[in-house]
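Student: As input, take query.txt (compact mmCIF, C-alpha atoms):
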# COMPACT_ATOMS: atom_id res chain seq x y z
CA MET A 25 42.77 182.41 137.27
CA ARG A 26 39.35 183.51 135.96
CA TRP A 27 37.79 182.91 139.37
CA TRP A 28 40.65 184.76 141.08
CA SER A 29 40.34 187.73 138.72
CA PHE A 30 36.57 187.89 139.19
CA ALA A 31 36.93 187.72 142.99
CA ASN A 32 39.52 190.51 142.92
CA PHE A 33 37.25 192.62 140.74
CA VAL A 34 34.44 192.25 143.30
CA SER A 35 36.83 193.03 146.15
CA ASN A 36 38.35 196.08 144.45
CA THR A 37 34.91 197.45 143.70
CA GLY A 38 33.92 197.08 147.36
CA THR A 39 37.19 198.60 148.58
CA TRP A 40 36.82 201.72 146.43
CA MET A 41 33.18 202.04 147.50
CA GLN A 42 34.33 202.09 151.13
CA LEU A 43 37.24 204.48 150.52
CA THR A 44 34.98 206.94 148.72
CA VAL A 45 32.29 206.74 151.39
CA GLN A 46 34.84 206.93 154.22
CA ASN A 47 36.17 210.28 153.00
CA LEU A 48 32.64 211.64 152.84
CA LEU A 49 31.90 210.21 156.28
CA VAL A 50 34.93 211.90 157.88
CA LEU A 51 33.91 215.20 156.31
CA GLN A 52 30.40 214.69 157.68
CA ILE A 53 31.66 213.94 161.21
CA THR A 54 34.35 216.62 161.45
CA GLY A 55 33.75 219.07 158.62
CA SER A 56 37.54 219.14 158.17
CA ALA A 57 39.49 218.27 155.04
CA ALA A 58 42.61 217.90 157.21
CA ALA A 59 40.88 215.17 159.24
CA THR A 60 40.09 213.35 155.98
CA GLY A 61 43.74 213.39 155.00
CA LEU A 62 44.69 212.23 158.51
CA SER A 63 42.40 209.19 158.27
CA MET A 64 44.03 208.20 154.98
CA SER A 65 47.50 208.64 156.46
CA VAL A 66 46.63 206.55 159.53
CA GLN A 67 45.55 203.70 157.25
CA ALA A 68 48.70 203.97 155.11
CA ALA A 69 51.22 204.56 157.93
CA PRO A 70 51.53 200.93 159.21
CA ALA A 71 53.02 199.93 155.86
CA LEU A 72 56.01 202.18 156.56
CA LEU A 73 57.50 199.77 159.12
CA MET A 74 55.27 196.70 159.23
CA SER A 75 55.44 195.85 155.51
CA LEU A 76 58.80 194.19 156.21
CA LEU A 77 57.21 191.92 158.80
CA GLY A 78 54.18 191.31 156.60
CA GLY A 79 56.38 190.22 153.70
CA ALA A 80 58.31 187.88 155.99
CA ALA A 81 55.02 186.36 157.17
CA VAL A 82 54.00 185.71 153.55
CA ASP A 83 57.27 183.86 152.94
CA ARG A 84 56.95 181.81 156.13
CA TRP A 85 53.27 180.80 156.06
CA PRO A 86 51.25 178.91 153.41
CA ARG A 87 50.16 181.54 150.92
CA LYS A 88 46.55 180.44 150.45
CA VAL A 89 45.95 180.23 154.19
CA THR A 90 47.56 183.63 154.74
CA ALA A 91 45.45 185.30 152.03
CA THR A 92 42.24 183.65 153.27
CA VAL A 93 42.78 184.76 156.87
CA SER A 94 43.77 188.31 155.92
CA GLN A 95 40.72 188.69 153.65
CA ALA A 96 38.44 187.41 156.41
CA LEU A 97 39.97 189.89 158.89
CA LEU A 98 39.49 192.80 156.48
CA GLY A 99 35.87 191.72 155.99
CA THR A 100 35.37 191.65 159.77
CA VAL A 101 36.69 195.21 160.09
CA ALA A 102 34.29 196.35 157.34
CA PHE A 103 31.33 194.70 159.12
CA VAL A 104 32.27 196.37 162.41
CA MET A 105 32.38 199.74 160.63
CA ALA A 106 28.97 199.06 159.06
CA LEU A 107 27.50 198.20 162.47
CA LEU A 108 28.90 201.33 164.12
CA VAL A 109 27.58 203.52 161.30
CA ALA A 110 24.14 201.87 161.42
CA LEU A 111 23.93 202.40 165.20
CA ASP A 112 25.27 205.97 164.88
CA ARG A 113 28.14 205.08 167.22
CA LEU A 114 31.04 205.83 164.88
CA ASP A 115 33.30 208.68 166.05
CA MET A 116 36.73 209.77 164.91
CA THR A 117 38.56 207.73 167.56
CA SER A 118 36.97 204.42 166.57
CA LEU A 119 37.32 205.30 162.88
CA MET A 120 41.05 205.96 163.28
CA VAL A 121 41.56 202.74 165.24
CA LEU A 122 39.77 200.65 162.62
CA ALA A 123 41.66 202.43 159.83
CA ALA A 124 44.94 201.55 161.55
CA VAL A 125 43.86 197.90 161.95
CA THR A 126 43.00 197.80 158.24
CA GLY A 127 46.44 199.15 157.39
CA ILE A 128 48.17 196.55 159.59
CA VAL A 129 46.28 193.62 158.05
CA ALA A 130 46.94 195.01 154.56
CA THR A 131 50.71 194.70 155.11
CA VAL A 132 50.19 190.92 154.98
CA ASP A 133 47.22 190.80 152.61
CA ASN A 134 48.74 192.84 149.76
CA PRO A 135 51.84 190.70 149.10
CA ALA A 136 49.96 187.45 149.81
CA CYS A 137 47.24 188.18 147.25
CA ALA A 138 49.70 189.57 144.71
CA LEU A 139 51.87 186.44 144.78
CA LEU A 140 48.91 184.05 145.00
CA GLY A 141 47.73 185.14 141.55
CA ASN A 142 51.19 184.44 140.11
CA ASP A 143 51.10 180.89 141.50
CA LEU A 144 48.09 180.05 139.33
CA VAL A 145 49.75 180.42 135.91
CA PRO A 146 52.91 179.07 134.19
CA PRO A 147 56.03 181.21 134.79
CA GLU A 148 56.04 182.59 131.24
CA ASP A 149 52.49 183.95 131.77
CA VAL A 150 53.21 185.76 135.06
CA PRO A 151 53.72 189.21 133.40
CA SER A 152 50.40 188.73 131.62
CA ALA A 153 48.70 187.74 134.89
CA ILE A 154 50.06 190.89 136.53
CA GLY A 155 48.63 192.93 133.64
CA VAL A 156 45.25 191.28 134.15
CA GLY A 157 45.48 192.20 137.83
CA ALA A 158 46.15 195.84 136.91
CA LEU A 159 43.14 195.78 134.59
CA VAL A 160 40.96 194.36 137.36
CA HIS A 161 42.22 197.01 139.80
CA SER A 162 41.53 199.91 137.41
CA SER A 163 38.07 198.61 136.49
CA GLY A 164 37.15 197.98 140.12
CA ARG A 165 38.30 201.47 141.09
CA LEU A 166 36.19 203.07 138.39
CA LEU A 167 33.06 201.04 139.20
CA GLY A 168 33.48 201.31 142.97
CA ALA A 169 33.72 205.09 142.95
CA ALA A 170 30.61 205.26 140.78
CA LEU A 171 28.61 202.80 142.92
CA ALA A 172 29.51 204.59 146.16
CA GLY A 173 27.25 207.55 145.43
CA VAL A 174 24.39 205.32 144.25
CA THR A 175 24.65 203.05 147.29
CA VAL A 176 24.71 205.90 149.80
CA GLY A 177 21.84 207.65 148.03
CA PHE A 178 19.51 204.63 148.05
CA LEU A 179 20.68 202.42 150.93
CA GLY A 180 22.77 204.62 153.23
CA THR A 181 26.40 204.79 154.27
CA ALA A 182 26.37 201.54 156.28
CA ALA A 183 25.40 199.61 153.15
CA ALA A 184 28.68 200.55 151.43
CA TYR A 185 30.70 199.15 154.35
CA MET A 186 28.50 196.04 154.40
CA ALA A 187 29.04 195.49 150.67
CA ASN A 188 32.79 195.76 151.14
CA GLY A 189 32.68 193.20 153.96
CA VAL A 190 30.75 190.78 151.74
CA SER A 191 33.30 191.28 148.93
CA PHE A 192 36.16 190.29 151.26
CA LEU A 193 34.34 187.17 152.42
CA PHE A 194 33.66 186.26 148.79
CA VAL A 195 37.40 186.34 148.05
CA ALA A 196 38.12 184.31 151.21
CA SER A 197 35.60 181.67 150.12
CA VAL A 198 37.10 181.42 146.61
CA ILE A 199 40.76 181.00 147.63
CA PRO A 200 40.56 177.41 149.00
CA PHE A 201 39.20 176.20 145.65
CA LEU A 202 41.89 177.77 143.45
CA ARG A 203 43.99 175.30 141.49
CA PRO A 204 47.14 176.18 139.53
CA ALA A 205 47.06 175.81 135.75
CA PRO A 206 49.12 173.01 134.15
CA GLY A 207 52.77 174.00 134.16
CA ALA A 208 52.41 176.55 136.97
CA ALA A 209 55.32 176.63 139.38
CA ARG A 210 54.48 175.31 142.82
CA PRO A 211 55.13 177.83 145.60
CA THR A 212 58.21 176.83 147.51
CA LYS A 213 57.74 175.81 151.12
CA PRO A 214 59.83 177.58 153.72
CA ALA A 215 62.88 175.58 154.67
CA LYS A 216 62.76 174.05 158.12
CA PRO A 217 65.37 175.21 160.58
CA ALA A 218 68.35 172.90 160.69
CA LYS A 219 68.92 171.14 163.97
CA PRO A 220 71.84 172.82 165.68
CA VAL A 221 74.96 170.80 166.38
CA GLY A 222 76.23 171.88 169.73
CA ARG A 223 75.45 175.40 170.91
CA ALA A 224 73.95 177.77 168.28
CA PRO A 225 75.31 181.32 168.07
CA ALA A 226 73.32 183.93 169.95
CA GLY A 227 70.58 185.58 167.91
CA ARG A 228 70.33 182.74 165.35
CA ARG A 229 68.53 180.01 167.25
CA GLY A 230 65.31 178.78 165.68
CA THR A 231 65.81 180.76 162.47
CA GLY A 232 65.60 178.88 159.19
CA PRO A 233 67.96 179.70 156.36
CA ASP A 234 67.09 182.80 154.35
CA MET A 235 63.87 183.44 156.30
CA THR A 236 64.78 186.63 158.17
CA VAL A 237 63.65 190.16 157.34
CA ARG A 238 67.32 191.10 157.04
CA GLU A 239 67.75 188.68 154.12
CA GLY A 240 65.02 190.46 152.17
CA LEU A 241 66.59 193.86 152.81
CA ALA A 242 70.05 192.58 151.88
CA PHE A 243 68.82 191.00 148.65
CA PHE A 244 67.03 194.21 147.63
CA ALA A 245 70.05 196.38 148.40
CA ARG A 246 72.45 194.08 146.51
CA ARG A 247 70.24 193.86 143.43
CA PRO A 248 71.07 196.82 141.14
CA ARG A 249 67.99 196.42 138.92
CA LEU A 250 65.66 196.55 141.94
CA VAL A 251 67.45 199.63 143.28
CA ALA A 252 67.17 201.24 139.84
CA LEU A 253 63.48 200.32 139.69
CA ALA A 254 62.94 201.93 143.09
CA ALA A 255 64.73 205.09 141.94
CA VAL A 256 62.70 205.38 138.72
CA THR A 257 59.39 204.73 140.49
CA GLY A 258 60.26 207.06 143.36
CA ILE A 259 61.21 210.06 141.21
CA SER A 260 58.08 209.52 139.12
CA ALA A 261 55.86 209.23 142.19
CA VAL A 262 57.14 212.47 143.71
CA PHE A 263 57.31 214.75 140.66
CA GLY A 264 54.65 213.17 138.46
CA ARG A 265 51.64 210.85 138.53
CA ASN A 266 49.89 212.81 141.28
CA TYR A 267 47.50 213.96 138.59
CA GLY A 268 44.59 214.14 141.01
CA LEU A 269 46.44 217.09 142.57
CA THR A 270 48.34 218.76 139.71
CA LEU A 271 45.67 218.47 137.03
CA ALA A 272 42.95 219.56 139.45
CA VAL A 273 44.83 222.81 140.10
CA LEU A 274 45.63 223.24 136.37
CA VAL A 275 42.03 222.70 135.25
CA THR A 276 40.39 224.89 137.90
CA GLY A 277 43.12 227.55 137.73
CA PRO A 278 44.91 228.51 134.49
CA LEU A 279 42.41 226.67 132.25
CA ALA A 280 39.42 228.19 134.10
CA GLY A 281 37.46 224.93 134.22
CA GLY A 282 35.13 223.73 136.94
CA ALA A 283 34.44 220.51 138.82
CA GLY A 284 32.73 219.08 135.74
CA ALA A 285 35.79 219.69 133.61
CA PHE A 286 38.04 217.96 136.13
CA GLY A 287 35.57 215.07 136.27
CA THR A 288 36.02 214.68 132.51
CA VAL A 289 39.80 214.67 132.93
CA SER A 290 39.51 212.05 135.70
CA THR A 291 37.35 209.84 133.47
CA VAL A 292 39.88 210.05 130.64
CA LEU A 293 42.64 209.15 133.10
CA ALA A 294 40.66 206.09 134.22
CA VAL A 295 40.01 204.98 130.65
CA GLY A 296 43.70 205.40 129.83
CA GLY A 297 44.62 203.31 132.86
CA ILE A 298 42.37 200.49 131.65
CA LEU A 299 43.81 200.64 128.12
CA GLY A 300 47.33 200.64 129.54
CA ALA A 301 46.54 197.59 131.67
CA VAL A 302 45.31 195.75 128.58
CA LEU A 303 48.55 196.60 126.75
CA GLY A 304 50.61 195.72 129.82
CA ALA A 305 49.01 192.28 129.94
CA ARG A 306 50.68 191.53 126.58
CA LEU A 307 54.20 192.06 127.94
CA ARG A 308 56.32 188.93 127.92
CA ARG A 309 59.74 190.15 129.00
CA PRO A 310 59.39 193.38 131.01
CA SER A 311 62.59 195.07 132.13
CA VAL A 312 63.77 198.03 134.18
CA ARG A 313 64.96 199.69 130.96
CA LEU A 314 61.40 199.49 129.60
CA VAL A 315 60.01 200.94 132.84
CA GLY A 316 62.49 203.82 132.70
CA THR A 317 61.82 204.52 129.02
CA LEU A 318 58.06 204.62 129.58
CA ALA A 319 58.45 206.79 132.68
CA ALA A 320 60.60 209.27 130.74
CA ALA A 321 58.07 209.33 127.88
CA GLY A 322 55.26 209.98 130.34
CA ALA A 323 57.29 212.78 131.93
CA LEU A 324 57.77 214.49 128.55
CA LEU A 325 54.01 214.22 127.90
CA GLN A 326 53.52 215.80 131.33
CA VAL A 327 55.72 218.72 130.28
CA VAL A 328 53.61 219.31 127.18
CA ALA A 329 50.40 218.94 129.22
CA GLY A 330 51.63 221.64 131.58
CA LEU A 331 51.81 224.01 128.62
CA SER A 332 48.31 223.15 127.32
CA PRO A 333 46.52 226.28 126.09
CA SER A 334 43.02 224.76 126.39
CA MET A 335 41.00 221.90 127.86
CA ALA A 336 40.77 220.21 124.46
CA VAL A 337 44.55 219.99 124.12
CA LEU A 338 44.87 218.74 127.71
CA LEU A 339 42.34 215.95 127.11
CA VAL A 340 44.25 214.83 124.02
CA LEU A 341 47.44 214.55 126.11
CA VAL A 342 45.90 213.02 129.23
CA LEU A 343 44.94 209.76 127.54
CA PRO A 344 48.47 208.74 126.39
CA MET A 345 49.84 209.94 129.74
CA ALA A 346 47.56 207.50 131.55
CA VAL A 347 48.30 204.68 129.09
CA VAL A 348 52.08 205.08 129.43
CA GLU A 349 51.84 205.27 133.22
CA SER A 350 49.72 202.12 133.41
CA VAL A 351 52.02 200.08 131.14
CA SER A 352 55.06 201.30 133.08
CA ASP A 353 53.47 200.30 136.40
CA THR A 354 52.55 196.87 135.05
CA ALA A 355 56.09 196.28 133.75
CA GLY A 356 57.62 197.43 137.03
CA THR A 357 55.34 195.17 139.07
CA ALA A 358 56.23 192.21 136.85
CA VAL A 359 59.96 192.83 137.39
CA LEU A 360 59.46 193.22 141.13
CA GLN A 361 57.48 190.00 141.51
CA THR A 362 59.55 187.78 139.22
CA ASP A 363 63.14 188.92 139.79
CA PRO A 364 63.64 187.63 143.37
CA PRO A 365 63.82 183.88 144.06
CA ALA A 366 60.49 182.41 145.15
CA HIS A 367 61.40 182.13 148.84
CA LEU A 368 62.25 185.86 149.03
CA ARG A 369 59.41 187.42 147.06
CA GLY A 370 57.21 188.20 150.05
CA ARG A 371 60.00 190.05 151.83
CA VAL A 372 61.01 191.93 148.69
CA LEU A 373 57.39 193.05 148.30
CA GLY A 374 57.50 194.06 151.96
CA VAL A 375 60.55 196.23 151.34
CA TRP A 376 58.78 197.73 148.34
CA GLY A 377 55.69 198.43 150.45
CA SER A 378 57.76 200.40 152.95
CA ILE A 379 59.48 202.39 150.20
CA GLY A 380 56.15 203.07 148.46
CA THR A 381 54.66 204.36 151.71
CA VAL A 382 57.47 206.92 151.95
CA TRP A 383 56.61 208.12 148.45
CA GLY A 384 52.89 208.13 149.21
CA LEU A 385 53.30 210.19 152.39
CA GLY A 386 56.03 212.52 151.18
CA GLY A 387 55.16 213.00 147.53
CA PRO A 388 51.97 215.12 147.77
CA PRO A 389 53.43 217.65 150.27
CA ALA A 390 56.58 218.04 148.15
CA LEU A 391 54.51 218.49 145.00
CA GLY A 392 52.23 220.92 146.79
CA LEU A 393 55.23 223.02 147.82
CA LEU A 394 56.49 222.98 144.22
CA MET A 395 53.08 224.22 143.03
CA GLU A 396 53.16 226.98 145.63
CA LEU A 397 56.51 228.14 144.26
CA ALA A 398 56.03 227.57 140.51
CA GLY A 399 52.27 227.27 140.00
CA ALA A 400 50.42 224.36 138.41
CA ARG A 401 52.03 224.76 134.99
CA GLY A 402 55.48 225.23 136.47
CA ALA A 403 55.11 222.16 138.68
CA LEU A 404 54.08 219.95 135.76
CA VAL A 405 56.87 221.24 133.51
CA THR A 406 59.58 221.22 136.19
CA GLY A 407 58.54 217.80 137.53
CA GLY A 408 58.50 216.27 134.06
CA LEU A 409 61.93 217.65 133.22
CA ILE A 410 63.35 216.36 136.52
CA ILE A 411 61.98 212.87 135.85
CA ALA A 412 63.15 212.69 132.23
CA GLY A 413 66.55 214.24 133.03
CA THR A 414 67.21 211.90 135.96
CA ILE A 415 66.28 208.78 134.00
CA GLY A 416 68.32 209.92 131.00
CA ALA A 417 71.34 210.55 133.21
CA GLY A 418 70.92 207.09 134.72
CA PHE A 419 70.94 205.47 131.28
CA LEU A 420 74.11 207.36 130.34
CA LEU A 421 75.93 206.43 133.53
CA ARG A 422 74.95 202.80 133.17
CA GLY A 423 76.27 202.75 129.62
CA ARG A 424 79.62 204.17 130.71
CA ARG A 425 80.00 201.67 133.55
CA THR A 426 79.41 198.63 131.34
CA PRO A 427 82.87 196.97 131.01
CA THR A 428 84.17 195.81 127.67
CA VAL A 429 85.43 192.22 127.83
CA ILE A 430 87.91 191.17 125.12
CA LEU A 431 88.29 187.42 124.62
CA ARG A 432 91.83 186.52 123.57
CA THR A 433 91.97 183.52 121.33
CA GLU A 434 95.42 183.82 119.72
CA GLU A 435 97.90 181.02 120.13
CA GLY A 436 100.17 181.64 123.05
CA ASP A 437 97.80 184.05 124.86
CA VAL A 438 97.57 181.69 127.84
CA THR A 439 100.53 179.70 129.11
CA GLU A 440 100.18 175.95 129.58
CA ARG A 441 97.01 175.88 127.44
CA ALA A 442 97.32 172.13 126.83
CA GLU A 443 97.35 171.34 130.56
CA LEU A 444 94.36 173.60 131.14
CA ARG A 445 92.43 171.94 128.31
CA THR A 446 93.09 168.53 129.84
CA ALA A 447 91.96 169.74 133.25
CA ALA A 448 88.75 171.19 131.76
Mind converting the file's structure to structure tokens?

Tutor:
Amino acid sequence: MRWWSFANFVSNTGTWMQLTVQNLLVLQITGSAAATGLSMSVQAAPALLMSLLGGAAVDRWPRKVTATVSQALLGTVAFVMALLVALDRLDMTSLMVLAAVTGIVATVDNPACALLGNDLVPPEDVPSAIGVGALVHSSGRLLGAALAGVTVGFLGTAAAYMANGVSFLFVASVIPFLRPAPGAARPTKPAKPAKPVGRAPAGRRGTGPDMTVREGLAFFARRPRLVALAAVTGISAVFGRNYGLTLAVLVTGPLAGGAGAFGTVSTVLAVGGILGAVLGARLRRPSVRLVGTLAAAGALLQVVAGLSPSMAVLLVLVLPMAVVESVSDTAGTAVLQTDPPAHLRGRVLGVWGSIGTVWGLGGPPALGLLMELAGARGALVTGGLIIAGTIGAGFLLRGRRTPTVILRTEEGDVTERAELRTAA
């Protein structure tokens, strides 16, 4: 687990170096902020439909092999980008194609790597392992964004892509040597298709039990706690958490700060995310109720932040906002990755990837429209109230729907009790 965490830290650092440099590169090539957003959307778009197939692939294929191959492919794409940049042959068409390829491979790589880390520890330590993963992600993001500027300044843009390619190959070289800790649950092997007796029904030949994409969708839809988790995360993603957008407008607008002031806010957000990941790693029994409670608390902090009279007050509120968000995300991820049976977890993560892509693509435009109508303060206050109110209403409705079961134990409450006792 230590080797896996270290490899992921290296890989996350390289990934955020490349993402930071790629945005600057698109601006350099086109001079258009819209083109920068388009390149990010092209990379994220494959997850909308292909995450379902990627999750099914993770359930069907050996996890370590799948993660190794996907990491090697992502490294190859990064090396190709580095070569094109070094030869000054990179244009928007090739950049978009490579971004799309990266997004397609990521639909398999993301669930494979997420579940591979869980296979290395005993079941009771899985929530803690997920918290460690969140800590690694936040730390790698912070370091990668900082190293991007240094790398480009001293070694050039191609060096950032090359470093990311090396980081992927490092992860691929570590995976074959990973060994589960004592007591760790062995990943279940996909069941082999049963040999048909007679003629198999049309559309079901060659399909093993519970290995179709449809099974993952059906399990997710029939599982109320996963549906509730999706609702809580979705409402929070649309009306909150896009602090890079809302707080940027608040700081540079009503609070009359500059780029330096927003940089300070971003740093505090990153520090809060790391602290939240550390706290999240201590969770033992995360639940959807905990996720909803934390999301509602973060929404109320967002409301107060929207009314901040000064930068000092905003900075005081930003830190607990980031901490609560990080712990909530860690708890939600733990529920998502441990609730389904082992043979369905890849497909459930695939369903989640598709849903998350909808939030990622639709959330910022919706929030931007809300800011156009209500301003930065109004968007923060309104969004926070919507989140807290929706979650509170969900808790109330759930409480009313819980049936009360009365156990009758008086003599004569059940006829023929003696015969039933004998049968039992």

Student: Would you mind listing what lies within 12 Å of A:Gly168 as a ChimeraX atom specification, with all atoms listed in the file counted and same-chain residues fewer than 4 positions away left out?

Tutor: /A:33-45,160-164,172-175,184-185,187-188,191

Student: What lies within 12 Å of A:Gly418 using only C-alpha atoms, ignoring chain neighbours under 2 positions off, as a list in words?

Tutor: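 The neighbour list is Arg249, Val251, Ala252, Leu253, Ala255, Val256, Val312, Arg313, Gly316, Thr317, Ala320, Ile411, Ala412, Gly413, Thr414, Ile415, Gly416, Leu420, Leu421, Arg422, Gly423, Arg424 and Arg425 of chain A.
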
Student: Would you compute an axis-aligned box for stretch 86-94 of chain A, covering every atom listed for it in the file with 6 Å of margin on each side, and report centre and edge lengths in Å to one decimal as lines of an AutoDock Vina configuration file?

Tutor:
center_x = 46.7
center_y = 183.6
center_z = 153.7
size_x = 21.0
size_y = 21.4
size_z = 18.4

Student: Could you work out how far atom CA of A:Met116 lies from atom CA of A:Val176, giving the answer in Å with one decimal?

Tutor: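 We find that atom CA of A:Val176 and atom CA of A:Met116 lie 19.7 Å from each other.
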
Student: Within 12 Å of A:Leu331, counting only C-alpha atoms, which residues qualify if same-chain residues fewer than 4 places away don't, as a VMD selection string?

Tutor: chain A and resid 271 274 to 275 278 to 279 324 to 327 335 337 to 338 341 399 to 406 408

Student: Give me, as a tab-separated table (two decimals) with C-alpha atoms, in the frame of the given file, all polymer residues having an atom no more than 10 Å from stretch 379-391 of chain A, counting all atoms listed in the file and skipping those fewer than 3 positions away in the same chain.

Tutor:
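See out-v9.tsv below for the written result:
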chain	number	residue	atom	x	y	z
A	64	MET	CA	44.03	208.20	154.98
A	65	SER	CA	47.50	208.64	156.46
A	68	ALA	CA	48.70	203.97	155.11
A	69	ALA	CA	51.22	204.56	157.93
A	70	PRO	CA	51.53	200.93	159.21
A	71	ALA	CA	53.02	199.93	155.86
A	72	LEU	CA	56.01	202.18	156.56
A	73	LEU	CA	57.50	199.77	159.12
A	75	SER	CA	55.44	195.85	155.51
A	254	ALA	CA	62.94	201.93	143.09
A	257	THR	CA	59.39	204.73	140.49
A	258	GLY	CA	60.26	207.06	143.36
A	259	ILE	CA	61.21	210.06	141.21
A	260	SER	CA	58.08	209.52	139.12
A	261	ALA	CA	55.86	209.23	142.19
A	262	VAL	CA	57.14	212.47	143.71
A	263	PHE	CA	57.31	214.75	140.66
A	264	GLY	CA	54.65	213.17	138.46
A	265	ARG	CA	51.64	210.85	138.53
A	266	ASN	CA	49.89	212.81	141.28
A	269	LEU	CA	46.44	217.09	142.57
A	270	THR	CA	48.34	218.76	139.71
A	373	LEU	CA	57.39	193.05	148.30
A	374	GLY	CA	57.50	194.06	151.96
A	375	VAL	CA	60.55	196.23	151.34
A	376	TRP	CA	58.78	197.73	148.34
A	394	LEU	CA	56.49	222.98	144.22
A	395	MET	CA	53.08	224.22	143.03
A	396	GLU	CA	53.16	226.98	145.63
A	397	LEU	CA	56.51	228.14	144.26
A	400	ALA	CA	50.42	224.36	138.41
A	403	ALA	CA	55.11	222.16	138.68
A	404	LEU	CA	54.08	219.95	135.76
A	407	GLY	CA	58.54	217.80	137.53

Student: Between atom CA of A:Val347 and atom CA of A:Leu299, what is the distance, to one decimal in Å?

Tutor: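 Between atom CA of A:Val347 and atom CA of A:Leu299 the gap works out to 6.1 Å.
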
Student: One decimal, in Å: what's the spacing between atom CA of A:Leu171 and atom CA of A:Ala285?

Tutor: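 These two atoms are separated by 20.6 Å.
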
Student: So which residues fall inside 8 Å of (48.4, 205.3, 131.8) if we count only C-alpha atoms? Mind giving them as a count of residues only?

Tutor: 17

Student: Given all atoms listed in the file as the basis, pick out the residue of A:Ala80, A:Ala153, A:Val66, A:Leu51 nearest to A:Arg238.

Tutor: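 Going through A:Ala80, A:Ala153, A:Val66, A:Leu51 one by one, the smallest distance to A:Arg238 is for A:Ala80.
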
Student: Find the residue from A:Ala106, A:Ala294, A:Val302, A:Met74 that sits nearest to A:Ala130; use all atoms listed in the file when measuring.

Tutor: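 That would be A:Met74, the residue with the smallest distance to A:Ala130.
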
Student: Taking into account all atoms listed in the file, which residue in the set A:Thr362, A:Gly189, A:Val156, A:Leu62 is nearest to A:Arg26?

Tutor: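 For A:Arg26, the nearest of the candidates is A:Val156.
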
Student: Which is closest to A:Phe201 among A:Lys88, A:Gly79, A:Ala366, A:Gln46, if we use all atoms listed in the file?

Tutor: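 Smallest separation from A:Phe201 among the options: A:Lys88.
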
Student: Determine, counting only C-alpha atoms, which protein, DNA and RNA residues have an atom within 12 Å of an atom of stretch 94-98 of chain A; residues of the same chain fewer than 4 positions away are not included. Present the result as a PyMOL selection string.

Tutor: chain A and resi 31-32+35+38-39+42+78+81-82+87-90+102-105+122-137+185-186+188-199

Student: For the residues in the current selection, export C-alpha atoms as an mmCIF file, in the frame of the given file.

Tutor:
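Dumped to out34.cif:
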data_model
loop_
_atom_site.group_PDB
_atom_site.id
_atom_site.type_symbol
_atom_site.label_atom_id
_atom_site.label_comp_id
_atom_site.auth_asym_id
_atom_site.auth_seq_id
_atom_site.Cartn_x
_atom_site.Cartn_y
_atom_site.Cartn_z
ATOM 1 C CA ALA A 31 36.930 187.720 142.990
ATOM 2 C CA ASN A 32 39.520 190.510 142.920
ATOM 3 C CA SER A 35 36.830 193.030 146.150
ATOM 4 C CA GLY A 38 33.920 197.080 147.360
ATOM 5 C CA THR A 39 37.190 198.600 148.580
ATOM 6 C CA GLN A 42 34.330 202.090 151.130
ATOM 7 C CA GLY A 78 54.180 191.310 156.600
ATOM 8 C CA ALA A 81 55.020 186.360 157.170
ATOM 9 C CA VAL A 82 54.000 185.710 153.550
ATOM 10 C CA ARG A 87 50.160 181.540 150.920
ATOM 11 C CA LYS A 88 46.550 180.440 150.450
ATOM 12 C CA VAL A 89 45.950 180.230 154.190
ATOM 13 C CA THR A 90 47.560 183.630 154.740
ATOM 14 C CA ALA A 102 34.290 196.350 157.340
ATOM 15 C CA PHE A 103 31.330 194.700 159.120
ATOM 16 C CA VAL A 104 32.270 196.370 162.410
ATOM 17 C CA MET A 105 32.380 199.740 160.630
ATOM 18 C CA LEU A 122 39.770 200.650 162.620
ATOM 19 C CA ALA A 123 41.660 202.430 159.830
ATOM 20 C CA ALA A 124 44.940 201.550 161.550
ATOM 21 C CA VAL A 125 43.860 197.900 161.950
ATOM 22 C CA THR A 126 43.000 197.800 158.240
ATOM 23 C CA GLY A 127 46.440 199.150 157.390
ATOM 24 C CA ILE A 128 48.170 196.550 159.590
ATOM 25 C CA VAL A 129 46.280 193.620 158.050
ATOM 26 C CA ALA A 130 46.940 195.010 154.560
ATOM 27 C CA THR A 131 50.710 194.700 155.110
ATOM 28 C CA VAL A 132 50.190 190.920 154.980
ATOM 29 C CA ASP A 133 47.220 190.800 152.610
ATOM 30 C CA ASN A 134 48.740 192.840 149.760
ATOM 31 C CA PRO A 135 51.840 190.700 149.100
ATOM 32 C CA ALA A 136 49.960 187.450 149.810
ATOM 33 C CA CYS A 137 47.240 188.180 147.250
ATOM 34 C CA TYR A 185 30.700 199.150 154.350
ATOM 35 C CA MET A 186 28.500 196.040 154.400
ATOM 36 C CA ASN A 188 32.790 195.760 151.140
ATOM 37 C CA GLY A 189 32.680 193.200 153.960
ATOM 38 C CA VAL A 190 30.750 190.780 151.740
ATOM 39 C CA SER A 191 33.300 191.280 148.930
ATOM 40 C CA PHE A 192 36.160 190.290 151.260
ATOM 41 C CA LEU A 193 34.340 187.170 152.420
ATOM 42 C CA PHE A 194 33.660 186.260 148.790
ATOM 43 C CA VAL A 195 37.400 186.340 148.050
ATOM 44 C CA ALA A 196 38.120 184.310 151.210
ATOM 45 C CA SER A 197 35.600 181.670 150.120
ATOM 46 C CA VAL A 198 37.100 181.420 146.610
ATOM 47 C CA ILE A 199 40.760 181.000 147.630
#
